[in-house]
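I have placed the structure first, in the form of structure tokens, so that the comments after it can refer back to it.
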Amino acid sequence: MRSLFSSVLCLAFCALWTSACLEETDESADAEKDGGKWDSGPGPVGGNGGGYGYGGYGASSGSGGGGGGGEPECSLACGSGSCALEGENNSQICKCPAGYVNEENDVTKPCIEDKCTDKKCEAWEICNPADGRCDLADGRCNGDTDCKDPDKPVCDFAVHECAEDKCGSVSCGHEGVCSVDSSKAICNCPDKYCDSNNSCVSMNIPDNAWYGVQYPSALPRPEDPTIMVGDTPATKIYGQIWIEGQTGSGVPQHADWKAQLLYKEAKGATEYPIIPATWKKVDAEFNAEHSGDNNHEYMVDFPTDKAGDFIYIFRFSLDNGNTWLYGDAGDGGTNGPHPVTSTSNHPGTIHIEGIPEELFTLDDSLVRTENSYSFDLQYHGSAAIDFAQSIITLNGVPVENASEYYNAETKTFTISKTDLAPNKYSWLFRLVDENGNKIEPFFVPIWIGEGVDFADFGWRDAFVYQIMTDRFLDGDSNNNVSSSEFPHVNRETEQWLGGDFRGIINKLDDDYFTKMGVNTIWISSPVVNPHHESKGGTVAPQQDNDYFTSYHAYHPLATGYNFDNNYGFENEGVDSAFGTVAELRELVDKAHEKGIRVIADFVANHVYSESPLYQAHKNDGWFYAQNPCAPDHWDDHRIDCWFTPYMPDFNYNNADARKAVIDHAIWLIQNFNLDGFRADALKHMDDIFTKELRKAVKKKIETTVKNHDMPDEAEVFYMVGESLGGWARYHTRADMVQGQVNEDFFYKAKDIILKGNSYNSLAHDVTESWDRTYLTSQPTNGGSGGFPGAVMGNFFGNHDQNRALTECNGNYTLLKHAQTFLLTSPINIPLLFQGDDIGMIGWEESGFDGGRRAVMKFDGLSSSEKDALQHIQQLGTFRKSHPALRYGSRQTCGSSDDAWVYKLTYEGKTVVVGINKGSSSFNATCSGVSGSFTSYDGSTVNVSNGSVTVPAGGSLVIGD
């Protein structure tokens with residue numbers, strides 16, 4: 001999505017960033033794993049990011065690096081990592097994959113498992129990756145003994161930082177103990193005393209009053225042997241209080257009485273007097289259904305959000321929380337629960353184990369052949385599975401008699417299938433246990449079949465065709481949005497025009513994509529959008545009184561929809577203007593049968609103002625206060641501004657908001673068997689959201705993937721982001737997205753090829769290191785981006801740009817040269833926008849993008865359109881059969897203002913590519929190239945001594 005700045009402003013930004021690019025260095029260091037230490041602060045921004053809703057493109061933020069030849073051998077023993085060479089001196093270091101760290105944080109030592117994965121420490125602690133212990137962070141404390149500075153000798157328990165001793169002149173009396181809390185002296189008083197002006201005074205509680213933890217005294221118990229992090233429901237702790245005449249089964253709850261569970265990570269007895277600032281506190285509820293003959297009872301779930309050994313006590317207040325009484329749990333024997341009156345006390349104890357890597361595990365059980373697969377899925381839950389309430393699906397279809405796959409004794413699902421056609425087979429286990437608790441769904445995706453379209457696929461093998469669903473093909477006019485819904489939208493190009501899932505299915509059936517060599521389609525977000533018009537655009541104030549529709553699907557209403565919450569939407573949250581759930585499933589299924597992956601636009605920066613999620617949480621801190629991006633805040637408020645008055649912007653510093661949208665994303669993938677996301681407006685969202693989304697995808701979607709940081713396995717879920725204006729590298733990291741739309745490529749294709757400028761400059765800029773620039777980590781915007789698994793999305797046109805044929809003034813020779821450049825550039829993947837296969841025209845007009853997004857044309861093609869389509873079809877199928885075009889190294893053979901010839905080599909194979917816009921043929925010599933070659937058009941070309949000829953106004957693509 002993007003808004004439309006004037007061309008003058010866009011050119012200014014481009015000029016600014018072109019200058020900035022020339023000043024950057026081309027480093028060739030190996031990519032650096034994140035380790036969670038990236039600087040996410042804002043940096044300089046050129047332009048305002050791509051995409052409907054905000055401003056224009058900026059030039060690239062950095063140049064690339066490539067490896068040189070003759071490097072020394074890397075010989076370090078790196079354990080679970082890999083040896084790499086770094087810096088000008090080729091220093092040997094151990095690179096560690098995600099989930100691993102160097103021993104003793106020494107990069108020359110082996111990689112060991114990072115035991116801090118999923119470990120939760122307190123805010124003042126830091127986790128030690130070697131052993132998973134939570135140690136005090138530098139400058140923090142958890143007791144006075146941690147403070148060594150004589151000027152700050154005590155621990156302020158409010159912030160866990162050493163502070164000035166405010167207790168020096170305080171004498172609490174009655175054995176009270178002074179501590180510092182929020183820079184103030186606090187008296188912690190013995191039983192039945194409380195602090196009053198830094199003095200312990202009597203609370204006038206009867207001597208025979210009784211209070212404590214009634215049950216249990218220790219966990220786990222023999223009948224409940226294991227408590228795990230995240231156990232739900234958590235174990236209940238019961239506390240009781242008795243005061244003669246004030247409690248009893250016939251006495252109702254006192255409005256001014258309160259009770260709380262206090263707990264902390266520790267063993268043994270607790271301190272006396274109690275220092276409440278050192279404990280965590282959870283409010284307990286009055287149990288009206290069960291109070292003893294004399295007691296009042298309160299109960300609370302023990303939190304299970306952290307592993308460790310904990311002690312716990314109960315406290316009670318009779319005056320609405322002003323003063324408190326503390327009681328222990330006893331030892332489960334003769335020493336029952338009592339008020340805490342000395343250092344001889346018995347708090348309750350609980351032991352919580354760390355959460356398993358998964359409640360389900362596949363381990364290494366998945367085995368596949370070209371036409372079969374088998375796997376064992378181990379269930380680690382303690383409660384039995386209720387199959388009557390559970391749902392198990394294969395590619396969205398419920399599996400009959402699913403319980404037959406399950407061995408209750410070993411808690412194992414054993415799945416084995418043979419004689420299978422090439423396809424993607426995705427199992428989804430949505431189980432419910434015998435207690436009625438829903439178990440988190442588990443997803444098992446498996447590609448079967450030979451070749452780069454099926455199980456041998458890696459994302460560098462992809463050729464992506466971008467579809468704007470509403471503008472592709474109207475396959476079912478019955479689902480069209482009535483024009484009465486948008487009476488003020490006068491421009492036809494801004495209206496809903498009828499494209500739908502059925503139209504895409506029809507072209508799948510026609511093999512439209514297969515004939516082009518396309519093996520991935522990118523569709524609009526399928527999530528429901530408003531069908532009525534909206535007032536106000538992203539170019540303010542010029543568009544404040546203009547009306548728009550949501551045909552592009554960037555105004556989501558059903559964000560948050562998941563298996564457990566439908567937010568009142570029918571059709572499973574899918575936009576009915578695009579079709580039914582069954583049609584979306586049919587689209588995905590048919591694509592997979594043909595070896596075509598499906599990427600969907602994912603819109604997470606904002607929702608539409610009528611969204612139930614916004615209406616429910618607009619006052620809960622889930623969204624930023626309204627602050628328009630336009631005209632001045634696209635950069636300085638890129639995170640918290642609103643694209644339009646009806647597009648509330650998520651505040652992803654709120655954990656609940658992050659969870660709701662990430663749960664929604666995981667549901668989309670699992671429910672519809674998607675293969676990737678085009679992540680919209682990435683630079684406008686807090687980094688923490690993108691990182692947590694990637695982490696969730698690795699854990700919940702890529703369950704059959706061995707190396708999540710590389711793009712080479714068929715089941716890797718690809719996320720290509722959209723962060724223009726110099727931010728693409730920043731987000732291209734192992735902990736964010738594998739790639740972004742590559743603005744570097746876009747500007748080369750547009751400004752040189754489509755604009756008819758010198759191919760000499762193209763040959764000078766586009767080298768092997770330029771192709772591989774995102775494979776190395778480089779500084780950008782205060783952080784660093786790029787890593788060995790990066791796969792950028794190359795493009796020369798998309799829904800936010802004036803049409804390529806418009807940019808080249810209808811010159812089909814230049815359009816076909818752009819197609820050739822796109823399909824013969826290695827390492828990254830081509831993204832082709834619908835219509836650029838045949839050559840369509842269109843441009844932005846007065847801030848309206850619809851002209852760039854005309855309905856796709858399939859019938860009545862002109863000879864030029866047919867020729868362009870044939871050209872891309874031949875290129876696409878040739879690319880699929882020649883790995884050098886996907887993985888090779890590029891080297892220029894010769895160039896001129898009108899022509900450029902280069903060769904690509906990979907594993908002993910060569911492809912030679914040439915483009916020539918001149919009026920006469922162009923000759924070049926590619927050293928080491930001789931023999932008989934096959935041309936992309938099917939003819940045979942013989943090369944002697946490397947001499948090749950590119951015809952006038954034509955292309956040359958030959959391979960051995």
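Ligands are numbered from 1 in the order shown, chains are lettered A, B, ... in the order of the structure tokens, and residues start at 1 in each chain.
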Please return, as a PyMOL selection string, all residues of stretch 533-624 of chain A that DSSP assigns to strand (DSSP E) on the basis of the backbone.
chain A and resi 534-535+547-548+597-602
Residue subset to file, keeping C-alpha atoms, as an mmCIF file, in the first residue's frame:
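See again_7.cif below for the written result:
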```cif
data_model
loop_
_atom_site.group_PDB
_atom_site.id
_atom_site.type_symbol
_atom_site.label_atom_id
_atom_site.label_comp_id
_atom_site.auth_asym_id
_atom_site.auth_seq_id
_atom_site.Cartn_x
_atom_site.Cartn_y
_atom_site.Cartn_z
ATOM 1 C CA SER A 534 -14.766 5.624 2.983
ATOM 2 C CA LYS A 535 -14.029 9.340 3.062
ATOM 3 C CA TYR A 547 -14.122 8.809 -1.355
ATOM 4 C CA PHE A 548 -12.471 5.410 -1.705
ATOM 5 C CA ARG A 597 2.606 -22.029 -3.728
ATOM 6 C CA VAL A 598 0.186 -19.386 -2.454
ATOM 7 C CA ILE A 599 1.345 -16.214 -0.701
ATOM 8 C CA ALA A 600 -1.269 -13.869 0.746
ATOM 9 C CA ASP A 601 -0.958 -10.199 1.560
ATOM 10 C CA PHE A 602 -0.902 -9.857 5.357
#
```
Nearest residue to A:Asp649 from the set A:Val603, A:Ile521, A:Met710, A:Ile243 (distances using only C-alpha atoms):
A:Val603
Dump as CSV the rows for residues of stretch 547-617 of chain A within 12 Å of stretch 417-424 of chain A: closest atom pair and distance in Å with one decimal, only C-alpha atoms counted, ordered by chain and rising residue number.
```
residue,atom,partner,partner_atom,distance
A:Val588,CA,A:Lys424,CA,9.9
A:Asp589,CA,A:Lys424,CA,8.3
A:Lys590,CA,A:Asn423,CA,9.2
A:Ala591,CA,A:Asn423,CA,9.0
A:His592,CA,A:Asn423,CA,5.5
A:Glu593,CA,A:Asn423,CA,4.8
A:Lys594,CA,A:Asn423,CA,7.4
A:Gly595,CA,A:Asn423,CA,6.7
A:Ile596,CA,A:Asn423,CA,9.3
A:Arg597,CA,A:Lys424,CA,9.2
A:Val598,CA,A:Lys424,CA,11.3
```
Selection from above, N, CA, C and O atoms, as a compact mmCIF listing (two decimals), in the first residue's frame, can you write it?
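Saved the output as result00.txt:
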```txt
# COMPACT_ATOMS: atom_id res chain seq x y z
N VAL A 588 -6.32 -22.83 -3.23
CA VAL A 588 -5.05 -23.27 -2.65
C VAL A 588 -4.77 -24.72 -3.03
O VAL A 588 -3.65 -25.07 -3.41
N ASP A 589 -5.80 -25.56 -2.95
CA ASP A 589 -5.60 -26.98 -3.28
C ASP A 589 -5.17 -27.17 -4.72
O ASP A 589 -4.25 -27.95 -5.02
N LYS A 590 -5.85 -26.49 -5.64
CA LYS A 590 -5.51 -26.65 -7.06
C LYS A 590 -4.12 -26.10 -7.35
O LYS A 590 -3.38 -26.66 -8.18
N ALA A 591 -3.77 -25.00 -6.69
CA ALA A 591 -2.42 -24.46 -6.87
C ALA A 591 -1.38 -25.48 -6.41
O ALA A 591 -0.41 -25.77 -7.13
N HIS A 592 -1.60 -26.07 -5.24
CA HIS A 592 -0.64 -27.03 -4.71
C HIS A 592 -0.53 -28.26 -5.60
O HIS A 592 0.56 -28.83 -5.77
N GLU A 593 -1.65 -28.71 -6.16
CA GLU A 593 -1.60 -29.86 -7.05
C GLU A 593 -0.72 -29.60 -8.26
O GLU A 593 -0.13 -30.52 -8.83
N LYS A 594 -0.62 -28.34 -8.66
CA LYS A 594 0.19 -27.97 -9.82
C LYS A 594 1.59 -27.51 -9.42
O LYS A 594 2.36 -27.02 -10.26
N GLY A 595 1.93 -27.66 -8.13
CA GLY A 595 3.24 -27.24 -7.67
C GLY A 595 3.37 -25.74 -7.56
O GLY A 595 4.48 -25.18 -7.68
N ILE A 596 2.27 -25.07 -7.28
CA ILE A 596 2.25 -23.61 -7.15
C ILE A 596 1.95 -23.25 -5.70
O ILE A 596 0.94 -23.67 -5.14
N ARG A 597 2.83 -22.49 -5.09
CA ARG A 597 2.61 -22.03 -3.73
C ARG A 597 1.74 -20.78 -3.73
O ARG A 597 1.70 -20.05 -4.72
N VAL A 598 1.09 -20.53 -2.57
CA VAL A 598 0.19 -19.39 -2.45
C VAL A 598 0.65 -18.49 -1.32
O VAL A 598 0.71 -18.92 -0.15
```
Tell me, as a PyMOL selection string, which residues lie within 9 Å of A:Gln873, counting only C-alpha atoms; anything in the same chain fewer than 4 positions away does not count.
chain A and resi 513-518+837+868-869+877-878
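In this comparison, which uses only C-alpha atoms, the residue of A:Thr704, A:Thr824, A:Ser317, A:Ser182 approaching A:Asp165 most closely is A:Ser182.
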For stretch 74-84 of chain A, work out the shell of residues within 7 Å, counting only C-alpha atoms and skipping chain neighbours fewer than 2 positions away, then give it as a short mmCIF file (atom, residue, chain, number, x, y, z; two decimals) with C-alpha atoms, in the first residue's frame.
```cif
data_model
loop_
_atom_site.label_atom_id
_atom_site.label_comp_id
_atom_site.auth_asym_id
_atom_site.auth_seq_id
_atom_site.Cartn_x
_atom_site.Cartn_y
_atom_site.Cartn_z
CA PRO A 72 41.93 -19.36 3.62
CA GLU A 86 35.08 -12.34 9.08
CA GLN A 92 37.87 -17.39 11.94
CA ILE A 93 34.68 -17.38 13.98
CA CYS A 94 31.89 -19.80 14.81
CA LYS A 95 28.54 -18.70 13.41
CA CYS A 96 25.64 -20.02 15.46
CA PRO A 97 22.15 -20.81 14.16
CA LYS A 109 34.35 -21.27 20.58
CA PRO A 110 31.76 -23.90 19.59
CA CYS A 111 28.05 -23.18 19.42
CA ILE A 112 26.02 -24.66 22.26
#
```
Would you kindly return, as a list of chain:residue names, each protein, DNA or RNA residue with an atom no farther than 10 Å from any atom of A:Tyr614, considering only C-alpha atoms and excluding same-chain residues fewer than 4 positions away?
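Residues meeting the cut-off are A:Leu557, A:Thr559, A:Gly560, A:His606, A:Val607, A:Tyr608, A:Ser609, A:Glu610, A:Lys618, A:Asn619, A:Asp620, A:Trp622, A:Phe623, A:Met647, A:Pro648, A:Asp649, A:Phe650.
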If you keep N, CA, C and O atoms, can you produce a file of those selected residues as a PDB file, in the first residue's frame?
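Now in result30.pdb:
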```
ATOM      1  N   LEU A 557     -11.239  -5.776   8.290  1.00  0.00           N
ATOM      2  CA  LEU A 557     -12.262  -5.736   9.342  1.00  0.00           C
ATOM      3  C   LEU A 557     -12.134  -6.911  10.305  1.00  0.00           C
ATOM      4  O   LEU A 557     -12.402  -6.772  11.501  1.00  0.00           O
ATOM      5  N   THR A 559      -9.546  -8.720  11.315  1.00  0.00           N
ATOM      6  CA  THR A 559      -8.289  -8.989  12.011  1.00  0.00           C
ATOM      7  C   THR A 559      -8.597  -9.498  13.419  1.00  0.00           C
ATOM      8  O   THR A 559      -9.424  -8.945  14.119  1.00  0.00           O
ATOM      9  N   GLY A 560      -7.897 -10.538  13.810  1.00  0.00           N
ATOM     10  CA  GLY A 560      -8.140 -11.155  15.110  1.00  0.00           C
ATOM     11  C   GLY A 560      -8.900 -12.458  15.008  1.00  0.00           C
ATOM     12  O   GLY A 560      -8.862 -13.281  15.924  1.00  0.00           O
ATOM     13  N   HIS A 606      -2.522  -2.012  10.771  1.00  0.00           N
ATOM     14  CA  HIS A 606      -3.728  -1.273  11.129  1.00  0.00           C
ATOM     15  C   HIS A 606      -4.965  -2.135  10.866  1.00  0.00           C
ATOM     16  O   HIS A 606      -4.871  -3.210  10.274  1.00  0.00           O
ATOM     17  N   VAL A 607      -6.095  -1.648  11.296  1.00  0.00           N
ATOM     18  CA  VAL A 607      -7.390  -2.231  10.949  1.00  0.00           C
ATOM     19  C   VAL A 607      -8.288  -1.112  10.450  1.00  0.00           C
ATOM     20  O   VAL A 607      -7.938   0.066  10.508  1.00  0.00           O
ATOM     21  N   TYR A 608      -9.456  -1.494   9.950  1.00  0.00           N
ATOM     22  CA  TYR A 608     -10.468  -0.508   9.609  1.00  0.00           C
ATOM     23  C   TYR A 608     -11.175  -0.093  10.899  1.00  0.00           C
ATOM     24  O   TYR A 608     -11.315  -0.885  11.827  1.00  0.00           O
ATOM     25  N   SER A 609     -11.635   1.150  10.960  1.00  0.00           N
ATOM     26  CA  SER A 609     -12.186   1.691  12.210  1.00  0.00           C
ATOM     27  C   SER A 609     -13.439   0.969  12.686  1.00  0.00           C
ATOM     28  O   SER A 609     -13.773   1.024  13.873  1.00  0.00           O
ATOM     29  N   GLU A 610     -14.140   0.278  11.783  1.00  0.00           N
ATOM     30  CA  GLU A 610     -15.321  -0.470  12.200  1.00  0.00           C
ATOM     31  C   GLU A 610     -14.978  -1.885  12.672  1.00  0.00           C
ATOM     32  O   GLU A 610     -15.867  -2.646  13.062  1.00  0.00           O
ATOM     33  N   LYS A 618     -10.130  -0.064  21.673  1.00  0.00           N
ATOM     34  CA  LYS A 618      -9.599   1.257  21.334  1.00  0.00           C
ATOM     35  C   LYS A 618      -9.205   2.066  22.556  1.00  0.00           C
ATOM     36  O   LYS A 618      -8.427   3.012  22.440  1.00  0.00           O
ATOM     37  N   ASN A 619      -9.720   1.689  23.717  1.00  0.00           N
ATOM     38  CA  ASN A 619      -9.373   2.403  24.945  1.00  0.00           C
ATOM     39  C   ASN A 619      -8.488   1.574  25.864  1.00  0.00           C
ATOM     40  O   ASN A 619      -8.296   1.918  27.036  1.00  0.00           O
ATOM     41  N   ASP A 620      -7.939   0.471  25.339  1.00  0.00           N
ATOM     42  CA  ASP A 620      -7.146  -0.444  26.163  1.00  0.00           C
ATOM     43  C   ASP A 620      -5.651  -0.358  25.888  1.00  0.00           C
ATOM     44  O   ASP A 620      -4.892  -1.208  26.349  1.00  0.00           O
ATOM     45  N   TRP A 622      -4.325  -0.746  22.905  1.00  0.00           N
ATOM     46  CA  TRP A 622      -3.971  -1.583  21.763  1.00  0.00           C
ATOM     47  C   TRP A 622      -3.643  -0.747  20.523  1.00  0.00           C
ATOM     48  O   TRP A 622      -3.028  -1.266  19.593  1.00  0.00           O
ATOM     49  N   PHE A 623      -4.074   0.488  20.503  1.00  0.00           N
ATOM     50  CA  PHE A 623      -3.905   1.334  19.321  1.00  0.00           C
ATOM     51  C   PHE A 623      -3.321   2.681  19.730  1.00  0.00           C
ATOM     52  O   PHE A 623      -3.579   3.175  20.828  1.00  0.00           O
ATOM     53  N   MET A 647      -8.206   4.271   9.626  1.00  0.00           N
ATOM     54  CA  MET A 647      -7.265   3.152   9.706  1.00  0.00           C
ATOM     55  C   MET A 647      -6.472   3.228  11.013  1.00  0.00           C
ATOM     56  O   MET A 647      -5.315   3.663  11.047  1.00  0.00           O
ATOM     57  N   PRO A 648      -7.078   2.813  12.146  1.00  0.00           N
ATOM     58  CA  PRO A 648      -6.388   2.864  13.444  1.00  0.00           C
ATOM     59  C   PRO A 648      -5.100   2.040  13.419  1.00  0.00           C
ATOM     60  O   PRO A 648      -5.077   0.916  12.908  1.00  0.00           O
ATOM     61  N   ASP A 649      -4.059   2.599  14.013  1.00  0.00           N
ATOM     62  CA  ASP A 649      -2.720   2.031  13.948  1.00  0.00           C
ATOM     63  C   ASP A 649      -2.415   1.252  15.227  1.00  0.00           C
ATOM     64  O   ASP A 649      -2.511   1.781  16.332  1.00  0.00           O
ATOM     65  N   PHE A 650      -2.039  -0.020  15.082  1.00  0.00           N
ATOM     66  CA  PHE A 650      -1.748  -0.867  16.239  1.00  0.00           C
ATOM     67  C   PHE A 650      -0.555  -0.337  17.037  1.00  0.00           C
ATOM     68  O   PHE A 650       0.455   0.074  16.466  1.00  0.00           O
TER      69      PHE A 650
END
```
Please tabulate, as JSON lines, the residues of stretch 302-352 of chain A that come within 10 Å of stretch 270-280 of chain A, each with its closest pair of atoms and the distance in Å to one decimal, counting only C-alpha atoms and ordering rows by chain, then residue number upward.
```
{"residue": "A:Ile311", "atom": "CA", "partner": "A:Thr270", "partner_atom": "CA", "distance": 8.0}
{"residue": "A:Tyr312", "atom": "CA", "partner": "A:Trp279", "partner_atom": "CA", "distance": 8.8}
{"residue": "A:Ile313", "atom": "CA", "partner": "A:Thr270", "partner_atom": "CA", "distance": 9.0}
{"residue": "A:Arg315", "atom": "CA", "partner": "A:Pro276", "partner_atom": "CA", "distance": 9.8}
{"residue": "A:Trp324", "atom": "CA", "partner": "A:Pro276", "partner_atom": "CA", "distance": 9.8}
{"residue": "A:Leu325", "atom": "CA", "partner": "A:Ile274", "partner_atom": "CA", "distance": 9.8}
{"residue": "A:Tyr326", "atom": "CA", "partner": "A:Ile274", "partner_atom": "CA", "distance": 7.8}
{"residue": "A:Asp328", "atom": "CA", "partner": "A:Thr270", "partner_atom": "CA", "distance": 9.1}
{"residue": "A:Val340", "atom": "CA", "partner": "A:Tyr272", "partner_atom": "CA", "distance": 7.5}
{"residue": "A:Thr341", "atom": "CA", "partner": "A:Tyr272", "partner_atom": "CA", "distance": 7.3}
{"residue": "A:Ser342", "atom": "CA", "partner": "A:Tyr272", "partner_atom": "CA", "distance": 5.7}
{"residue": "A:Thr343", "atom": "CA", "partner": "A:Tyr272", "partner_atom": "CA", "distance": 5.3}
{"residue": "A:Ser344", "atom": "CA", "partner": "A:Thr270", "partner_atom": "CA", "distance": 8.3}
{"residue": "A:Asn345", "atom": "CA", "partner": "A:Thr270", "partner_atom": "CA", "distance": 6.8}
{"residue": "A:His346", "atom": "CA", "partner": "A:Thr270", "partner_atom": "CA", "distance": 7.6}
{"residue": "A:Pro347", "atom": "CA", "partner": "A:Thr270", "partner_atom": "CA", "distance": 6.8}
```
Preceding selection exported with C-alpha atoms as a short mmCIF file (atom, residue, chain, number, x, y, z; two decimals), in the first residue's frame:
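Result saved to again-v7.cif:
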```cif
data_model
loop_
_atom_site.label_atom_id
_atom_site.label_comp_id
_atom_site.auth_asym_id
_atom_site.auth_seq_id
_atom_site.Cartn_x
_atom_site.Cartn_y
_atom_site.Cartn_z
CA ILE A 311 7.56 -20.50 48.01
CA TYR A 312 4.17 -18.97 48.69
CA ILE A 313 2.09 -17.56 51.54
CA ARG A 315 -2.02 -12.43 53.23
CA TRP A 324 -2.07 -6.96 56.07
CA LEU A 325 -1.82 -10.23 58.01
CA TYR A 326 0.51 -12.99 56.75
CA ASP A 328 2.11 -19.77 56.00
CA VAL A 340 3.92 -16.00 60.27
CA THR A 341 5.31 -14.98 63.68
CA SER A 342 9.00 -15.83 63.47
CA THR A 343 11.74 -17.04 61.16
CA SER A 344 10.54 -20.56 61.92
CA ASN A 345 7.78 -20.77 59.36
CA HIS A 346 6.57 -23.06 56.61
CA PRO A 347 5.61 -21.40 53.32
#
```
Please identify all polymer residues within 7 Å of A:Gly793, counting only C-alpha atoms, omitting same-chain residues fewer than 5 positions from it, and present them as a PyMOL selection string.
chain A and resi 720+739-742+828-831
File dump, residues just selected, N, CA, C and O atoms, as a compact mmCIF listing (two decimals), in the first residue's frame:
```txt
# COMPACT_ATOMS: atom_id res chain seq x y z
N VAL A 720 7.96 -12.08 2.69
CA VAL A 720 8.61 -11.00 1.96
C VAL A 720 7.95 -9.70 2.41
O VAL A 720 6.74 -9.53 2.30
N GLY A 739 13.10 -11.77 3.34
CA GLY A 739 13.37 -10.85 2.25
C GLY A 739 12.37 -9.72 2.21
O GLY A 739 11.39 -9.70 2.97
N GLN A 740 12.62 -8.78 1.32
CA GLN A 740 11.71 -7.67 1.12
C GLN A 740 11.64 -7.38 -0.38
O GLN A 740 12.47 -7.85 -1.15
N VAL A 741 10.62 -6.60 -0.75
CA VAL A 741 10.58 -6.16 -2.14
C VAL A 741 11.83 -5.31 -2.37
O VAL A 741 12.11 -4.38 -1.63
N ASN A 742 12.57 -5.65 -3.41
CA ASN A 742 13.93 -5.14 -3.59
C ASN A 742 13.93 -3.85 -4.41
O ASN A 742 13.94 -3.87 -5.64
N ASN A 828 18.01 -13.94 -5.78
CA ASN A 828 16.72 -13.45 -5.33
C ASN A 828 15.63 -13.92 -6.31
O ASN A 828 15.93 -14.52 -7.34
N ILE A 829 14.39 -13.66 -5.99
CA ILE A 829 13.31 -14.25 -6.79
C ILE A 829 12.52 -13.18 -7.53
O ILE A 829 12.33 -12.06 -7.04
N PRO A 830 12.04 -13.50 -8.73
CA PRO A 830 11.28 -12.53 -9.52
C PRO A 830 9.83 -12.42 -9.04
O PRO A 830 9.17 -13.43 -8.80
N LEU A 831 9.35 -11.19 -8.89
CA LEU A 831 7.95 -10.90 -8.62
C LEU A 831 7.39 -10.17 -9.83
O LEU A 831 7.81 -9.06 -10.15
```
Stretch 749-873 of chain A: residues DSSP assigns to helix (DSSP H, G or I), reported as an MDAnalysis selection string
chainID A and resid 749:754 759:765 768:771 773:775 804:807 812:823 850:853 863:873
Exercise: A:Lys192 partners within 9 Å, only C-alpha atoms, chain neighbours under 3 positions left out, as a list of chain:residue names:
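Near A:Lys192, the qualifying residues are A:Cys189, A:Val201, A:Ser202, A:Met203, A:Asn204, A:Ile205, A:Pro206, A:Asp207, A:Trp324, A:Leu325, A:Tyr326.
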Between atom CA of A:Asn562 and atom CA of A:Asn654 - distance in Å to one decimal:
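For atom CA of A:Asn654 relative to atom CA of A:Asn562, the distance reads 19.1 Å.
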